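J.: Take this structure first; my questions come after.
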Amino acid sequence: MLTAFATRPPGEFDKPVRIQTKISTIPYMEVDKVCSWPMRSEEAMGGRIEGCARVYNAVCYVVLSAIDGVFMTRGKYARLLKHELAHCNGWPSHHPGAQR
């Protein structure tokens, strides 16, 4: 998810996650490498990703940039976590219904 495209999910996906969720925080400069799988959204093409979520075997794995006060603030982390948890709830990567 790009900073410039920090979108809010629609209500149907903005709810508590009902599957097991594992959240990892790693240094900002590592997130793009970890989250760069072939099926990136068009919005993320050519930009830096700050977080991602992937469901595998009924577990949602979320990777976020660690709060460092420079690249990632507490407020930005909270918005990004909400965005990625919506993906755990099935929100597609092309972000239908997203709000800026």
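To be explicit about the labels: the chains of the structure tokens are called A, B, and onward in the order shown, and within each one the residues are counted from 1, while ligands get numbers from 1 in the order they are shown.
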For region 19-29 of chain A, find every residue with an atom within 8 Å (counting only C-alpha atoms), except residues of its own chain fewer than 6 positions away, and show them as a list in words.
T.: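 Surrounding residues, per the criterion: Glu50, Ala58, Val59, Cys60, Tyr61, Val62, Val63, Leu64, Ser65, Ala66, Phe71, Met72 and Cys88 of chain A.
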J.: Write down as a list in words the residues belonging to region 14-95 of chain A that are assigned alpha helix (DSSP H) by DSSP computed on the backbone.
T.: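 DSSP-assigned alpha helix (DSSP H) residues in region 14-95 of chain A: Tyr28, Met29, Glu30, Val31, Asp32, Lys33, Val34, Arg74, Gly75, Lys76, Tyr77, Ala78, Arg79, Leu80, Leu81, Lys82, His83, Glu84, Leu85, Ala86, His87 and Cys88 of chain A.
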J.: Deliver the residues from the most recent selection as a file, using C-alpha atoms, as a PDB file, in the first residue's frame.
T.:
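Listed below is the output, again.pdb:
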ATOM      1  CA  TYR A  28      10.612   0.610   6.402  1.00  0.00           C
ATOM      2  CA  MET A  29      13.282  -0.155   3.805  1.00  0.00           C
ATOM      3  CA  GLU A  30      12.518  -3.902   3.995  1.00  0.00           C
ATOM      4  CA  VAL A  31       8.729  -3.778   3.512  1.00  0.00           C
ATOM      5  CA  ASP A  32       8.822  -3.216  -0.233  1.00  0.00           C
ATOM      6  CA  LYS A  33      11.014  -6.308  -0.690  1.00  0.00           C
ATOM      7  CA  VAL A  34       8.850  -8.516   1.532  1.00  0.00           C
ATOM      8  CA  ARG A  74       1.526   6.143  14.985  1.00  0.00           C
ATOM      9  CA  GLY A  75      -1.355   7.732  13.070  1.00  0.00           C
ATOM     10  CA  LYS A  76      -0.134   6.468   9.721  1.00  0.00           C
ATOM     11  CA  TYR A  77       0.398   2.990  11.205  1.00  0.00           C
ATOM     12  CA  ALA A  78      -3.184   2.930  12.525  1.00  0.00           C
ATOM     13  CA  ARG A  79      -4.604   3.923   9.108  1.00  0.00           C
ATOM     14  CA  LEU A  80      -2.427   1.400   7.307  1.00  0.00           C
ATOM     15  CA  LEU A  81      -3.330  -1.395   9.736  1.00  0.00           C
ATOM     16  CA  LYS A  82      -7.043  -0.708   9.159  1.00  0.00           C
ATOM     17  CA  HIS A  83      -6.420  -0.862   5.403  1.00  0.00           C
ATOM     18  CA  GLU A  84      -4.499  -4.144   5.565  1.00  0.00           C
ATOM     19  CA  LEU A  85      -6.977  -5.794   7.965  1.00  0.00           C
ATOM     20  CA  ALA A  86      -9.701  -5.024   5.429  1.00  0.00           C
ATOM     21  CA  HIS A  87      -7.714  -7.171   2.979  1.00  0.00           C
ATOM     22  CA  CYS A  88      -7.827  -9.947   5.603  1.00  0.00           C
TER      23      CYS A  88
END
J.: My list of candidates is A:Gly97, A:Ser36, A:Trp91, A:Val70. Which is closest to Phe13 (chain A) when distances are computed with only C-alpha atoms?
T.: A:Trp91
J.: Taking only C-alpha atoms into account, name the residue in A:Arg8, A:Gly90, A:Thr73, A:Ile67 that is nearest to Ala53 (chain A).
T.: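 Once distances to Ala53 (chain A) are computed over only C-alpha atoms, the minimum belongs to A:Gly90.
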